[in-house]
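Engineer: What follows is query39.csv, made up of CSV, C-alpha atoms:
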```csv
chain,number,residue,atom,x,y,z
A,296,MET,CA,97.0,96.2,85.6
A,297,SER,CA,98.5,99.4,84.5
A,298,ASP,CA,95.6,101.2,83.0
A,299,GLN,CA,94.6,104.6,84.3
A,300,ARG,CA,91.6,103.4,86.3
A,301,ASP,CA,93.7,100.9,88.3
A,302,VAL,CA,96.4,103.4,88.9
A,303,GLN,CA,93.8,105.9,90.2
A,304,GLU,CA,92.2,103.1,92.2
A,305,ASP,CA,95.5,102.4,93.9
A,306,GLU,CA,96.2,106.1,94.5
A,307,ALA,CA,92.9,106.5,96.3
A,308,LEU,CA,93.3,103.2,98.2
A,309,ALA,CA,96.8,104.2,99.4
A,310,ALA,CA,95.4,107.6,100.6
A,311,GLU,CA,92.6,105.8,102.4
A,312,TYR,CA,95.2,103.5,104.0
A,313,VAL,CA,97.3,106.4,105.2
A,314,LEU,CA,94.2,108.3,106.4
A,315,ARG,CA,93.2,105.1,108.3
A,316,LEU,CA,89.8,104.9,106.5
A,317,LEU,CA,90.0,101.3,105.5
A,318,ASP,CA,88.3,98.7,107.7
A,319,ALA,CA,90.4,96.0,109.3
A,320,GLU,CA,90.0,93.5,106.5
A,321,ALA,CA,90.8,95.9,103.7
A,322,GLU,CA,93.7,97.2,105.7
A,323,ARG,CA,95.1,93.7,106.1
A,324,VAL,CA,94.7,92.9,102.4
A,325,PHE,CA,96.4,96.3,101.5
A,326,GLU,CA,99.3,95.5,103.8
A,327,LEU,CA,99.8,92.1,102.2
A,328,ARG,CA,100.1,93.9,98.8
A,329,LEU,CA,102.5,96.4,100.3
A,330,HIS,CA,105.0,93.6,100.9
A,331,SER,CA,105.3,92.8,97.2
A,332,GLU,CA,104.4,96.1,95.4
A,333,PRO,CA,107.0,98.8,95.6
A,334,ASP,CA,104.8,101.2,93.6
A,335,LEU,CA,102.2,100.9,96.3
A,336,ARG,CA,104.8,101.6,99.0
A,337,ALA,CA,105.8,104.7,97.1
A,338,LEU,CA,102.2,105.9,97.1
A,339,VAL,CA,102.0,105.3,100.8
A,340,ARG,CA,105.1,107.4,101.3
A,341,PHE,CA,103.7,110.1,99.0
A,342,TRP,CA,100.5,110.4,100.9
A,343,GLU,CA,102.2,110.2,104.4
A,344,SER,CA,104.4,113.1,103.4
A,345,GLU,CA,101.7,115.2,101.8
A,346,PHE,CA,99.2,114.8,104.6
A,347,ALA,CA,101.9,115.3,107.3
A,348,SER,CA,102.4,118.8,105.9
A,349,LEU,CA,98.8,119.5,106.9
A,350,ALA,CA,100.1,119.4,110.5
A,351,ALA,CA,101.7,122.8,109.8
A,352,ASP,CA,98.2,124.2,110.5
A,353,VAL,CA,98.1,122.6,113.9
A,354,PRO,CA,99.4,124.9,116.6
A,355,GLU,CA,102.1,123.8,118.9
A,356,GLU,CA,100.9,123.0,122.4
A,357,ALA,CA,102.9,122.5,125.6
A,358,PRO,CA,102.3,119.2,127.3
A,359,SER,CA,102.6,119.1,131.1
A,360,PRO,CA,106.3,119.0,132.2
A,361,SER,CA,105.6,115.7,134.1
A,362,ILE,CA,105.3,113.9,130.7
A,363,ARG,CA,108.9,114.6,129.9
A,364,SER,CA,110.1,113.3,133.3
A,365,LYS,CA,107.9,110.2,133.1
A,366,LEU,CA,109.1,109.4,129.7
A,367,LEU,CA,112.8,109.7,130.7
A,368,ALA,CA,112.2,107.7,133.8
A,369,GLU,CA,110.5,105.0,131.8
A,370,LEU,CA,113.5,104.8,129.4
A,371,SER,CA,116.0,104.6,132.3
A,372,GLY,CA,113.9,101.8,133.8
A,373,ALA,CA,113.9,100.0,130.5
A,374,GLU,CA,117.6,100.2,130.3
A,375,THR,CA,118.4,99.0,133.8
A,376,SER,CA,115.8,96.2,133.9
A,377,PRO,CA,117.4,92.8,134.1
A,378,ARG,CA,118.0,91.5,130.6
A,379,ARG,CA,121.1,89.5,131.2
A,380,GLY,CA,121.1,85.8,131.5
A,381,TRP,CA,117.8,84.7,130.1
A,382,ALA,CA,119.2,83.1,127.1
A,383,TRP,CA,121.6,81.0,129.2
A,384,GLY,CA,118.7,79.5,130.9
A,385,TRP,CA,118.0,77.7,127.7
A,386,LEU,CA,121.1,75.6,128.2
A,387,SER,CA,119.5,73.8,131.1
A,388,LEU,CA,116.5,72.8,129.0
A,389,SER,CA,117.8,69.4,128.0
A,390,ALA,CA,114.6,68.6,126.1
A,391,LEU,CA,115.6,71.0,123.4
A,392,ALA,CA,117.7,69.8,120.6
A,393,ALA,CA,121.2,71.3,120.8
A,394,PHE,CA,120.9,73.0,117.4
A,395,VAL,CA,117.8,74.9,118.5
A,396,VAL,CA,119.7,76.3,121.4
A,397,ALA,CA,122.7,77.1,119.2
A,398,ALA,CA,120.4,78.9,116.8
A,399,PHE,CA,118.7,80.7,119.5
A,400,LEU,CA,121.9,81.9,121.1
A,401,ALA,CA,123.2,82.9,117.7
A,402,PHE,CA,120.1,85.0,117.0
A,403,SER,CA,119.2,86.4,120.3
A,404,PRO,CA,121.7,89.3,120.1
A,405,MET,CA,119.9,90.4,116.9
A,406,LEU,CA,116.6,89.9,118.5
A,407,ARG,CA,117.7,92.1,121.4
A,408,GLY,CA,119.0,95.2,119.7
A,409,PRO,CA,118.9,98.5,121.6
A,410,ALA,CA,115.6,99.4,120.1
A,411,PHE,CA,114.0,96.0,120.2
A,412,ASP,CA,113.6,94.1,123.4
A,413,PRO,CA,111.3,91.1,122.9
A,414,THR,CA,109.6,89.3,125.7
A,415,LEU,CA,108.0,86.5,123.7
A,416,HIS,CA,109.7,84.2,121.2
A,417,ALA,CA,108.9,81.4,118.8
A,418,THR,CA,111.2,79.1,116.9
A,419,LEU,CA,109.7,77.6,113.7
A,420,ILE,CA,111.5,74.5,112.4
A,421,SER,CA,109.8,72.3,109.8
A,422,ALA,CA,109.7,68.5,110.4
A,423,ASP,CA,112.4,67.9,107.8
A,424,GLY,CA,114.6,70.7,109.2
A,425,ALA,CA,114.6,72.5,105.8
A,426,VAL,CA,112.8,75.7,107.1
A,427,HIS,CA,114.0,77.5,110.3
A,428,ILE,CA,112.6,80.9,111.3
A,429,GLU,CA,113.1,82.8,114.5
A,430,ALA,CA,110.5,85.3,115.7
A,431,GLY,CA,110.4,87.7,118.6
A,432,TYR,CA,107.7,90.0,119.9
A,433,ALA,CA,108.3,93.2,121.8
A,434,PRO,CA,105.2,94.7,123.5
A,435,ASN,CA,106.9,98.1,123.6
A,436,GLY,CA,105.7,99.4,120.3
A,437,ASN,CA,104.0,96.1,119.3
A,438,LEU,CA,107.1,95.2,117.3
A,439,PHE,CA,107.5,91.9,115.7
A,440,LYS,CA,110.8,90.6,114.4
A,441,VAL,CA,111.3,87.7,112.0
A,442,ILE,CA,114.7,86.2,111.2
A,443,PRO,CA,114.6,83.6,108.4
A,444,GLU,CA,117.5,81.4,109.3
A,445,GLN,CA,117.1,78.6,106.7
A,446,GLY,CA,114.9,77.7,103.8
A,447,ALA,CA,113.1,79.7,101.1
A,448,PRO,CA,109.8,79.3,99.4
A,449,ALA,CA,109.6,77.7,95.9
A,450,ALA,CA,109.5,80.1,92.9
A,451,GLY,CA,106.1,81.9,92.8
A,452,ARG,CA,105.4,81.0,96.5
A,453,ASP,CA,105.8,82.9,99.7
A,454,PHE,CA,106.0,82.1,103.4
A,455,GLU,CA,103.2,83.6,105.4
A,456,LEU,CA,103.1,83.8,109.2
A,457,TRP,CA,100.0,83.2,111.3
A,458,VAL,CA,99.0,83.6,114.9
A,459,ILE,CA,96.7,80.9,116.2
A,460,ASN,CA,95.0,81.6,119.5
A,461,ALA,CA,91.9,80.1,121.2
A,462,ASN,CA,90.6,83.6,121.5
A,463,ALA,CA,90.5,84.0,117.7
A,464,ASP,CA,88.1,82.1,115.5
A,465,ALA,CA,90.7,81.4,112.9
A,466,PRO,CA,94.4,81.9,112.3
A,467,VAL,CA,95.3,85.6,112.0
A,468,SER,CA,97.8,86.6,109.3
A,469,LEU,CA,101.0,88.4,110.2
A,470,GLY,CA,101.6,88.8,106.5
A,471,VAL,CA,104.1,87.4,104.0
A,472,ILE,CA,107.7,87.5,105.2
A,473,PRO,CA,110.8,88.1,103.1
A,474,ALA,CA,112.8,84.8,103.2
A,475,ASP,CA,116.2,86.4,102.5
A,476,ARG,CA,116.5,89.0,105.2
A,477,GLU,CA,115.2,89.7,108.7
A,478,SER,CA,112.2,92.0,109.0
A,479,LEU,CA,110.9,94.1,111.8
A,480,PHE,CA,107.3,95.4,111.7
A,481,GLU,CA,104.6,96.7,113.8
A,482,ILE,CA,101.5,94.6,114.5
A,483,THR,CA,98.1,95.9,115.5
A,484,PRO,CA,97.1,95.8,119.2
A,485,GLU,CA,94.4,93.3,118.2
A,486,ILE,CA,97.0,90.8,116.9
A,487,ALA,CA,99.4,91.6,119.7
A,488,ALA,CA,96.8,90.5,122.2
A,489,LEU,CA,96.8,87.1,120.6
A,490,ILE,CA,100.5,86.4,120.9
A,491,ASP,CA,100.7,85.7,124.6
A,492,GLY,CA,99.3,82.1,124.9
A,493,GLY,CA,99.2,81.9,121.2
A,494,THR,CA,101.0,79.8,118.6
A,495,LEU,CA,103.0,81.0,115.6
A,496,ALA,CA,102.7,79.1,112.3
A,497,VAL,CA,104.3,79.4,108.9
A,498,SER,CA,102.5,78.3,105.8
A,499,ASP,CA,103.5,77.9,102.1
A,500,GLU,CA,101.3,80.3,100.1
A,501,PRO,CA,101.0,81.7,96.6
A,502,GLU,CA,103.1,84.8,95.9
A,503,GLY,CA,101.7,87.8,97.8
A,504,GLY,CA,100.1,85.6,100.4
A,505,SER,CA,97.0,83.6,100.9
A,506,PRO,CA,94.2,84.9,98.6
A,507,THR,CA,91.5,83.9,101.1
A,508,GLY,CA,92.8,85.4,104.3
A,509,ALA,CA,93.2,81.8,105.7
A,510,PRO,CA,96.1,79.5,105.2
A,511,THR,CA,95.7,77.7,101.9
A,512,GLY,CA,99.0,75.8,101.6
A,513,ALA,CA,100.9,73.4,103.8
A,514,ILE,CA,101.6,74.5,107.4
A,515,LEU,CA,105.3,74.0,107.5
A,516,ALA,CA,106.0,74.5,111.2
A,517,THR,CA,104.3,75.8,114.4
A,518,ASP,CA,105.6,76.8,117.8
A,519,GLU,CA,104.0,78.2,120.9
A,520,PHE,CA,105.2,81.6,121.9
A,521,PHE,CA,107.3,81.4,125.0
A,522,ASP,CA,108.2,84.0,127.6
A,523,ALA,CA,111.9,84.6,127.6
A,524,ALA,CA,111.7,86.0,131.2
A,525,LEU,CA,110.6,82.7,132.5
A,526,PHE,CA,114.0,81.3,131.9
A,527,GLN,CA,115.9,84.2,133.5
A,528,ALA,CA,118.5,83.2,136.0
A,529,GLY,CA,117.5,84.7,139.3
B,605,MET,CA,115.9,126.8,116.6
B,606,THR,CA,116.3,123.2,115.6
B,607,ASP,CA,116.5,122.6,111.9
B,608,ARG,CA,115.9,119.5,109.9
B,609,ASN,CA,119.5,118.3,110.0
B,610,ASP,CA,119.6,118.7,113.8
B,611,ILE,CA,116.4,116.6,114.1
B,612,GLU,CA,117.8,114.0,111.7
B,613,GLY,CA,121.0,113.8,113.7
B,614,LEU,CA,119.1,113.4,117.0
B,615,ILE,CA,117.0,110.6,115.5
B,616,GLY,CA,120.2,108.9,114.4
B,617,LYS,CA,121.5,109.0,118.0
B,618,VAL,CA,118.2,107.8,119.4
B,619,ALA,CA,118.5,104.8,117.1
B,620,LEU,CA,121.8,104.0,118.9
B,621,GLY,CA,120.1,104.1,122.2
B,622,ASP,CA,121.2,107.6,123.3
B,623,ARG,CA,118.7,108.8,125.9
B,624,ALA,CA,120.0,112.3,126.1
B,625,ALA,CA,119.4,112.6,122.4
B,626,LEU,CA,115.8,111.5,122.9
B,627,ALA,CA,115.4,114.2,125.6
B,628,LEU,CA,116.7,116.8,123.1
B,629,LEU,CA,114.4,115.5,120.4
B,630,TYR,CA,111.5,115.7,122.8
B,631,ASP,CA,112.4,119.3,123.6
B,632,ALA,CA,112.6,120.2,120.0
B,633,THR,CA,109.5,118.5,118.7
B,634,SER,CA,107.1,117.7,121.5
B,635,GLY,CA,105.2,121.0,121.1
B,636,LYS,CA,104.2,120.1,117.5
B,637,LEU,CA,103.6,116.4,118.2
B,638,PHE,CA,101.5,117.2,121.3
B,639,GLY,CA,99.5,119.6,119.1
B,640,VAL,CA,98.8,116.8,116.6
B,641,CYS,CA,97.8,114.4,119.4
B,642,LEU,CA,95.6,117.0,121.1
B,643,ARG,CA,93.9,117.8,117.8
B,644,VAL,CA,92.9,114.1,117.3
B,645,LEU,CA,92.1,113.3,120.9
B,646,THR,CA,90.8,116.7,122.1
B,647,ASP,CA,91.3,115.6,125.7
B,648,ARG,CA,94.6,116.9,127.2
B,649,SER,CA,95.3,114.0,129.5
B,650,GLU,CA,94.6,111.4,126.8
B,651,ALA,CA,96.8,113.4,124.4
B,652,GLU,CA,99.6,113.4,127.0
B,653,ASP,CA,99.4,109.6,127.4
B,654,ALA,CA,99.5,109.4,123.6
B,655,LEU,CA,102.5,111.7,123.5
B,656,GLN,CA,104.4,109.5,125.9
B,657,ASP,CA,103.6,106.5,123.7
B,658,VAL,CA,104.8,108.5,120.7
B,659,TYR,CA,108.2,109.0,122.1
B,660,LEU,CA,108.5,105.4,123.3
B,661,ARG,CA,107.6,104.4,119.7
B,662,ILE,CA,110.2,106.8,118.3
B,663,TRP,CA,112.7,105.3,120.7
B,664,ALA,CA,111.9,101.8,119.6
B,665,LYS,CA,111.7,102.5,115.9
B,666,ALA,CA,114.3,105.2,115.3
B,667,ASP,CA,116.6,102.7,113.6
B,668,GLN,CA,114.0,102.3,110.9
B,669,TYR,CA,113.5,106.0,110.3
B,670,THR,CA,115.9,106.1,107.3
B,671,VAL,CA,114.2,103.3,105.4
B,672,THR,CA,110.9,105.3,105.5
B,673,GLY,CA,112.4,107.8,103.1
B,674,HIS,CA,110.7,110.6,104.9
B,675,SER,CA,111.9,114.0,106.2
B,676,PRO,CA,112.3,113.8,109.9
B,677,MET,CA,109.2,115.9,110.8
B,678,THR,CA,107.1,113.9,108.4
B,679,TRP,CA,108.1,110.7,110.1
B,680,LEU,CA,107.6,112.1,113.6
B,681,ILE,CA,104.2,113.5,112.7
B,682,THR,CA,103.1,110.3,111.0
B,683,VAL,CA,104.1,108.3,114.1
B,684,ALA,CA,102.2,110.8,116.4
B,685,ARG,CA,99.1,110.9,114.2
B,686,ASN,CA,98.9,107.1,113.9
B,687,LEU,CA,99.2,106.5,117.6
B,688,ALA,CA,96.7,109.2,118.4
B,689,ILE,CA,94.3,107.6,115.9
B,690,ASP,CA,94.8,104.2,117.5
B,691,ARG,CA,93.8,105.6,120.8
B,692,LEU,CA,90.8,107.5,119.3
B,693,ARG,CA,89.6,104.3,117.5
B,694,ALA,CA,90.0,102.3,120.7
B,695,LYS,CA,88.1,104.9,122.7
B,696,LYS,CA,85.1,105.3,120.5
B,697,LYS,CA,84.5,103.0,117.7
B,698,ASN,CA,83.5,104.9,114.6
B,699,HIS,CA,82.4,107.9,116.5
B,700,VAL,CA,83.9,111.3,116.2
B,701,ASP,CA,83.0,114.5,117.9
B,702,LEU,CA,80.7,116.0,115.2
B,703,ASP,CA,81.0,119.5,116.7
B,704,SER,CA,84.7,119.6,116.0
B,705,ILE,CA,84.1,118.7,112.3
B,706,GLY,CA,81.4,121.3,112.0
B,707,GLU,CA,83.7,123.9,113.4
B,708,LEU,CA,86.4,122.8,111.0
B,709,VAL,CA,84.2,123.1,107.9
B,710,GLU,CA,83.6,126.8,108.7
B,711,LYS,CA,87.0,127.7,109.9
B,712,ARG,CA,89.7,128.7,107.4
B,713,PRO,CA,93.2,127.7,108.6
B,714,GLY,CA,94.8,130.7,110.2
B,715,PRO,CA,98.3,132.0,109.5
B,716,GLU,CA,100.5,129.0,110.3
B,717,ALA,CA,103.7,128.9,112.1
B,718,ALA,CA,106.3,128.3,109.4
B,719,SER,CA,108.1,125.6,111.2
B,720,ILE,CA,108.0,122.7,108.9
B,721,ALA,CA,108.1,122.1,105.2
B,722,VAL,CA,106.6,125.4,104.2
B,723,SER,CA,106.8,124.8,100.5
B,724,GLU,CA,105.2,121.3,100.7
B,725,HIS,CA,102.6,122.8,102.8
B,726,ARG,CA,101.9,125.6,100.3
B,727,ARG,CA,101.6,123.0,97.6
B,728,ILE,CA,99.0,120.9,99.4
B,729,SER,CA,97.2,124.0,100.5
B,730,ALA,CA,97.0,125.2,96.9
B,731,CYS,CA,95.6,121.8,95.9
B,732,PHE,CA,93.1,121.8,98.7
B,733,ASP,CA,91.9,125.2,97.4
B,734,GLU,CA,91.1,123.5,94.0
B,735,LEU,CA,88.7,121.1,95.8
B,736,PRO,CA,85.1,122.2,96.7
B,737,PRO,CA,85.5,123.7,100.2
B,738,ASP,CA,83.4,121.1,101.9
B,739,ARG,CA,85.4,118.2,100.4
B,740,ALA,CA,88.7,119.8,101.3
B,741,ALA,CA,87.4,120.2,104.8
B,742,ALA,CA,86.4,116.5,104.9
B,743,VAL,CA,89.9,115.4,103.9
B,744,ARG,CA,91.4,117.6,106.5
B,745,ALA,CA,89.0,116.3,109.1
B,746,VAL,CA,90.0,112.8,108.3
B,747,TYR,CA,93.7,113.5,108.7
B,748,LEU,CA,93.7,116.0,111.5
B,749,ASP,CA,90.7,114.9,113.5
B,750,GLY,CA,90.6,111.2,112.7
B,751,ALA,CA,87.1,111.3,111.2
B,752,THR,CA,85.7,108.1,109.8
B,753,TYR,CA,83.6,107.6,106.8
B,754,GLN,CA,80.6,107.1,109.1
B,755,ALA,CA,81.3,110.3,110.9
B,756,LEU,CA,81.6,112.2,107.6
B,757,ALA,CA,78.4,110.6,106.2
B,758,ASP,CA,76.6,111.7,109.4
B,759,ARG,CA,78.0,115.2,109.2
B,760,PHE,CA,77.2,115.7,105.5
B,761,ASP,CA,74.0,113.8,105.7
B,762,VAL,CA,74.7,111.4,102.8
B,763,PRO,CA,74.8,107.6,102.6
B,764,LEU,CA,78.1,106.0,103.6
B,765,ASN,CA,78.8,104.8,100.1
B,766,THR,CA,78.2,108.2,98.6
B,767,MET,CA,80.5,109.6,101.2
B,768,ARG,CA,83.2,107.1,100.2
B,769,THR,CA,82.9,107.7,96.5
B,770,TRP,CA,82.9,111.4,97.0
B,771,LEU,CA,86.0,111.4,99.2
B,772,ARG,CA,87.9,109.0,96.9
B,773,ARG,CA,87.2,111.3,94.0
B,774,SER,CA,88.6,114.2,96.0
B,775,LEU,CA,91.7,112.1,96.8
B,776,ILE,CA,92.2,111.3,93.1
B,777,SER,CA,91.9,115.0,92.2
B,778,LEU,CA,94.3,115.9,95.0
B,779,LYS,CA,96.8,113.4,93.7
B,780,GLU,CA,96.5,114.7,90.2
B,781,CYS,CA,97.1,118.3,91.4
B,782,LEU,CA,100.0,117.4,93.7
B,783,SER,CA,101.7,115.5,90.9
B,784,ARG,CA,101.6,118.4,88.4
```
What would you get if you wrote out this structure as structure tokens?

Structural biologist:
Amino acid sequence: MSDQRDVQEDEALAAEYVLRLLDAEAERVFELRLHSEPDLRALVRFWESEFASLAADVPEEAPSPSIRSKLLAELSGAETSPRRGWAWGWLSLSALAAFVVAAFLAFSPMLRGPAFDPTLHATLISADGAVHIEAGYAPNGNLFKVIPEQGAPAAGRDFELWVINANADAPVSLGVIPADRESLFEITPEIAALIDGGTLAVSDEPEGGSPTGAPTGAILATDEFFDAALFQAG
Amino acid sequence: MTDRNDIEGLIGKVALGDRAALALLYDATSGKLFGVCLRVLTDRSEAEDALQDVYLRIWAKADQYTVTGHSPMTWLITVARNLAIDRLRAKKKNHVDLDSIGELVEKRPGPEAASIAVSEHRRISACFDELPPDRAAAVRAVYLDGATYQALADRFDVPLNTMRTWLRRSLISLKECLSR
């Protein structure tokens, strides 16, 4: 895979990705490769940096002063909005196994860092309890966080996350996730629209993710996304 | 004048949730980022909405800035450009204002304000100069105006696949030149 042609192919592909010239499917496939190919990530960085320097040609423009005040007002609002308490609401949900609650409380501080404030959550636990993954989605910035709590794929395999929603014909991939550390990534508005009312699933896939764009291996666990705010006290 | 280290320091504070730092970052960089949004979206009020999203995104993602390995302005411009493109694509699927590309093809970039990464900019400018002028203009139009392959194919009156081959070849030449 290292002959000159392939290298040039990837150089052009990475540039097209950065320029946003790829169609949705090609972009998705490229992003799957990005997870496992550091050379490709380096190419993306290279092009982002080179192309950004083109912006030197773009003259500065003054936005209306109201934008600054609206922005700062929005940030103050975000900070004073009620966040406290919602996790405690979980304690009253007797239907949930105690260890799920414990795991949730243990992970919620991480899910709720200053820059990441999720409103929808999902807890993936496989039937045998061997795999446990926490996930949270923050609409502000379309950020998605995944915390692999327990379990790892077999050698040569990867865990891949999917969103299932009645509004989508088939499961939509969120990509392969690292099993040894938490990850925070941005999802497209199209995928974000499927999360509310959707179900998160994790499947066991060949290294680098499903080659077909649909789950090919066993679905290890699923969970409907739930709105943390529904459980807020008061 | 705010230099690279100041901006980096501000991003670091924003990552910790410092709103005052975000206000200072806005004051130092919103002119450039608004310019980028306006160039893509052409409509002032659309660009202002995008700009607000840009700073909310910066607020949400500042803690990840360091792992991108970018200089601060590169990161900020990349965030702004991507959000502006998202809005543009949502607004008009695969359609770009052809007039603005036409204008760009004829216009040489004027003397630029030497605010960011001047040496990098000289390097990429020199490499653009090695490309045939219409191809250099096409790559610029894609980055700065958010042109799609379809828009370029229409503009240059060639089939879509020809346009793609042609642009990819230009990108490979550009990479070769930039890596020298």

Engineer: In file coordinates, which residues lie within 10 Å of (107.4, 83.0, 99.4) using only C-alpha atoms, given as a ChimeraX atom specification?

Structural biologist: /A:447-455,471-475,498-504

Engineer: Can I get the residues of chain B within 6 Å of chain A, each with the closest pair of atoms and their distance in Å to one decimal, using only C-alpha atoms, sorted chain first then ascending number, as CSV?

Structural biologist:
```
residue,atom,partner,partner_atom,distance
B:Gly621,CA,A:Pro409,CA,5.8
B:Gly635,CA,A:Glu355,CA,4.7
B:Lys636,CA,A:Glu355,CA,4.5
B:Phe638,CA,A:Glu356,CA,5.9
B:Gly639,CA,A:Glu356,CA,4.9
B:Arg661,CA,A:Gly436,CA,5.4
B:Ala664,CA,A:Ala410,CA,4.4
B:Thr678,CA,A:Ala347,CA,5.5
B:Glu716,CA,A:Asp352,CA,5.3
B:His725,CA,A:Ser348,CA,5.1
B:Tyr747,CA,A:Leu314,CA,5.7
B:Arg772,CA,A:Ala307,CA,5.6
B:Leu775,CA,A:Ala307,CA,5.7
B:Ile776,CA,A:Ala307,CA,5.8
```

Engineer: In the coordinates of the file, take the point (113.9, 80.5, 114.5) and a cut-off of 7 Å; then, counting all atoms listed in the file, name each qualifying protein, DNA or RNA residue as JSON, numbers by chain.

Structural biologist: {"A": [399, 417, 418, 419, 420, 427, 428, 429, 430, 442, 443, 444]}

Engineer: Please compute the CA of Ala688 in chain B-CA of Cys641 in chain B distance, one decimal, in Å.

Structural biologist: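 Going from CA of Ala688 in chain B over to CA of Cys641 in chain B, I get 5.4 Å.
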
Engineer: Provide the CA of Thr414 in chain A to CA of Asp491 in chain A distance in Å, to one decimal place.

Structural biologist: 9.7 Å

Engineer: At a cut-off of 7 Å, using only C-alpha atoms, what residues contact range 667-677 of chain B? Leave out same-chain residues fewer than 5 positions from it and give the result as a ChimeraX atom specification.

Structural biologist: /A:344 /B:608,611-612,619

Engineer: What would the file look like if the residues just selected were written as a PDB file, in the coordinates of the input with C-alpha atoms?

Structural biologist:
```pdb
ATOM      1  CA  SER A 344     104.400 113.100 103.400  1.00  0.00           C
TER       2      SER A 344
ATOM      3  CA  ARG B 608     115.900 119.500 109.900  1.00  0.00           C
ATOM      4  CA  ILE B 611     116.400 116.600 114.100  1.00  0.00           C
ATOM      5  CA  GLU B 612     117.800 114.000 111.700  1.00  0.00           C
ATOM      6  CA  ALA B 619     118.500 104.800 117.100  1.00  0.00           C
TER       7      ALA B 619
END
```

Engineer: Leaving out Leu778 in chain B and any residue of its chain fewer than 4 positions from it, which residues lie within 8 Å of it when counting only C-alpha atoms, given as a VMD selection string?

Structural biologist: chain B and resid 731 to 732 735 774 782

Engineer: Which one is closest to Arg323 in chain A: A:Thr494, A:Ser421, A:Gln299, A:Thr507? Count only C-alpha atoms.

Structural biologist: A:Thr507

Engineer: Can you work out which one of B:Asp749, B:Gln754, B:Ala654, B:Asp690 has the shortest atom-to-atom distance to Ser634 in chain B, counting all atoms listed in the file?

Structural biologist: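 Smallest distance to Ser634 in chain B is found for B:Ala654.
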
Engineer: Could you check how far CA of Asp653 in chain B sits from CA of Glu320 in chain A, in Å to one decimal?

Structural biologist: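 Straight-line distance from CA of Asp653 in chain B to CA of Glu320 in chain A works out to 28.0 Å.
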
Engineer: Which neighbours of Val467 in chain A fall inside 8 Å, counting only C-alpha atoms, when residues of the same chain fewer than 6 positions from it are skipped, and could you give them as a short mmCIF file (atom, residue, chain, number, x, y, z; two decimals) with C-alpha atoms, in the coordinates of the input?

Structural biologist:
```cif
data_model
loop_
_atom_site.label_atom_id
_atom_site.label_comp_id
_atom_site.auth_asym_id
_atom_site.auth_seq_id
_atom_site.Cartn_x
_atom_site.Cartn_y
_atom_site.Cartn_z
CA TRP A 457 100.00 83.20 111.30
CA VAL A 458 99.00 83.60 114.90
CA ILE A 459 96.70 80.90 116.20
CA ILE A 486 97.00 90.80 116.90
CA ALA A 509 93.20 81.80 105.70
#
```

Engineer: So which residues touch Val658 in chain B within 7 Å, counting only C-alpha atoms, skipping near sequence neighbours fewer than 4 positions away, as a list of chain:residue names?

Structural biologist: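 After dropping sequence-adjacent residues, the list is B:Ala654, B:Ile662, B:Val683, B:Ala684, B:Leu687.
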